[in-house]
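> Shown below is the structure under consideration.
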Amino acid sequence: MLDINLLRNNLKELQFNLKRRGFNLDQKKFEKLDTERKKYQIESESLQEKSNTLAREIAQEKNQDHKDQKLQEAKKISAEIKKLKSNLDSSIKRLNDFLLEIPNLLADDVPEGNTEENNLVLYEKGNIPKFNFEIKDHQELGELFNGINFEESVTIAKSRFVVFRREIAKLHRALIQYMLDTHVNEGYEEIYVPYLVNVDSLKGTGQLPKFEEDLFKISNEEMYLIPTAEVPVSNIYRNKILNSDELPIRYVAHTPCFRSEAGSYGKDTKGIIRQHQFDKVELVKFVHPEDSDDELENLTADAERILINLNLPYRKVILCSGDTGFASSKTYDLEVWFPSQKTYREISSCSNFGDFQSRRMKIRIKQSKNNILCHTLNGSGLAVGRTLAAILENYQTEKGSIIVPDVLIDYMDGTKELNLSR
RNA sequence: GGAGAGGUGGCUGAGUGGUUGAAAGCGCUCCCCUGCUAAGGGAGUAUGUGGUAAUCCUGCAUCGAGGGUUCGAAUCCCUCCCUCUCCGCCA
């Protein structure tokens, strides 16, 4: 959510910024809503003041006639306040709903553009492997091992779920362990969180009210499956005031993520690139406003380190104005090379949300006078399923085995190469 | 799931209808005193949102959340959430 005072005082600038995303801020509507709110608020609060004064007088009034007279008046005022209050409440709600649908302001260095075509590639790193044999995609490789199974998952659940077995399941687990350990060594605190969250948490990070169709909702409760660990981890400090000296706070969490993938019917139907359920190791930071730019660079570098250590070819991209997420002011994507697709695919998304989420979550930093809102950031470090798929494809050999990346050998109990098990 | 007890400011803890946004203590901040430390004295110390350009001034709201009764609610009533104790069940 944006600072309402920006809308009141810097509207032109703000409209210009939002326009870069293709979002049109309806000035007339805002002004109407805010004026209406102001009118009702002033009316009802001044009447409330009168009523409070009168109530105090009644308590002290000794003369019974005067008392009765005042009681009559107080009754009338009280009834009137009730009406005004309900007007005020509904006008505040209308204003608030309006504000909740406005995306975050973009950082100045976000490049212009409407679609992901306009995202700016900053650099490519790592060596794209050259194969002198017919390569397989990760699904074929996984099936070769009977380590990736899509029939069983359909029986159990439905399409866009997967079953991993044996070496593949173990490699998946090894990746999670490796990522968690690496980030803990970088200074992140490991944290385990609920996979179901309430509505307030989803509003806090910005998934609700606008993006409900992307979520899985539990039918017997007002709870949702998390689409990312960002939601439970960021909301840890909802409605809290943090002390300056405890910042920055850095968390790393491994969770499954659940996404309905509504509207992506034809997309990525092959393999495990786009699933309803996937695992992710997520980095989340709470920082001082003046540090958030630097912290985004560090966060991205921490996510990148996993790719570098796994020796996977990747590139770093800054998302253009039209592709930057609703709550983000600036996002870097890390994209890993998929030999079968001869293309880079997103494997991490690192964002600075500024105070957009913390205003919704009411996460403040204690100051001597007015408390300030903290800044939040998060990024995948990394998406586990896609990392697994990338390893299978980039580390395949002609005979169909998979070389285990050096840093994972210990996590695979010394196994250096995955061979066909039959 | 059943029975009971309870949720008050950074913490402890008073307060059962009327200047209570809330006693007292602790903690914290500033000032004074002091050669240093300790001790002592004084002042201050919740959050949000309006009126405002404003950190001055001032209104309103907030005692788990939301409703209700009342001229007036931390105090009474209802619903929900949470915590604790006991029983049951369970990984």
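Letters A, B, ... mark the chains of the structure tokens in the order given; residue numbers begin at 1 per chain; ligand numbers begin at 1, in order shown.
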Define the interface residues of chain A facing chain B as those within 10 Å, counting only C-alpha atoms (C1' of nucleotides), and report them as number ranges by chain.
A: 38, 41-42, 44-49, 51-60, 67-68, 70-78, 241, 368-371
> From the set A:Ile272, A:Leu84, A:Ile191, A:Val384, which residue has the shortest atom-to-atom contact distance to Val162 of chain A, counting only C-alpha atoms?
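Using only C-alpha atoms, the shortest distance to Val162 of chain A belongs to A:Ile272.
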> Please list as number ranges by chain every residue within 7 Å of Leu202 of chain A, counting only C-alpha atoms (C1' of nucleotides) and excluding residues in the same chain fewer than 5 positions away.
A: 207-208, 231
> Tell me which protein, DNA and RNA residues are within 12 Å of U79 of chain B, counting only C-alpha atoms (C1' of nucleotides), leaving out same-chain ones fewer than 6 positions away, and put them as a PyMOL selection string.
chain B and resi 65-68
> From a DSSP calculation on the backbone, collect every residue of segment 143-358 of chain A in helix (DSSP H, G or I) and output the set as an MDAnalysis selection string.
chainID A and resid 143:144 150:156 166:185 199:205 212:214 230:237 244:246 289:309 356:358
> Which residues come within 7 Å of Gly126 of chain A, counting only C-alpha atoms (C1' of nucleotides), excluding same-chain residues fewer than 3 positions away, as a ChimeraX atom specification?
/A:311-314
> Quick one: residues within 12 Å of Glu124 of chain A, only C-alpha atoms (C1' of nucleotides) counted, chain neighbours fewer than 6 positions away excluded, as a list in words?
Glu304, Leu307, Ile308, Leu312, Pro313, Tyr314, Arg315, Lys316, Val317, Leu334, Glu335, Val336, Trp337 and Tyr344 of chain A
> Atom CA of Gln27 of chain A to atom CA of Cys320 of chain A: how many Å, to one decimal?
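Atom-to-atom, atom CA of Gln27 of chain A to atom CA of Cys320 of chain A, that is 24.9 Å.
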> One decimal, Å: what's the distance from atom CA of Val193 of chain A over to atom CA of Val281 of chain A, could you say?
12.1 Å
> Measure the distance from atom CA of Ser201 of chain A to atom CA of Ser264 of chain A in Å and round it to one decimal.
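Atom CA of Ser264 of chain A lies 25.3 Å from atom CA of Ser201 of chain A.
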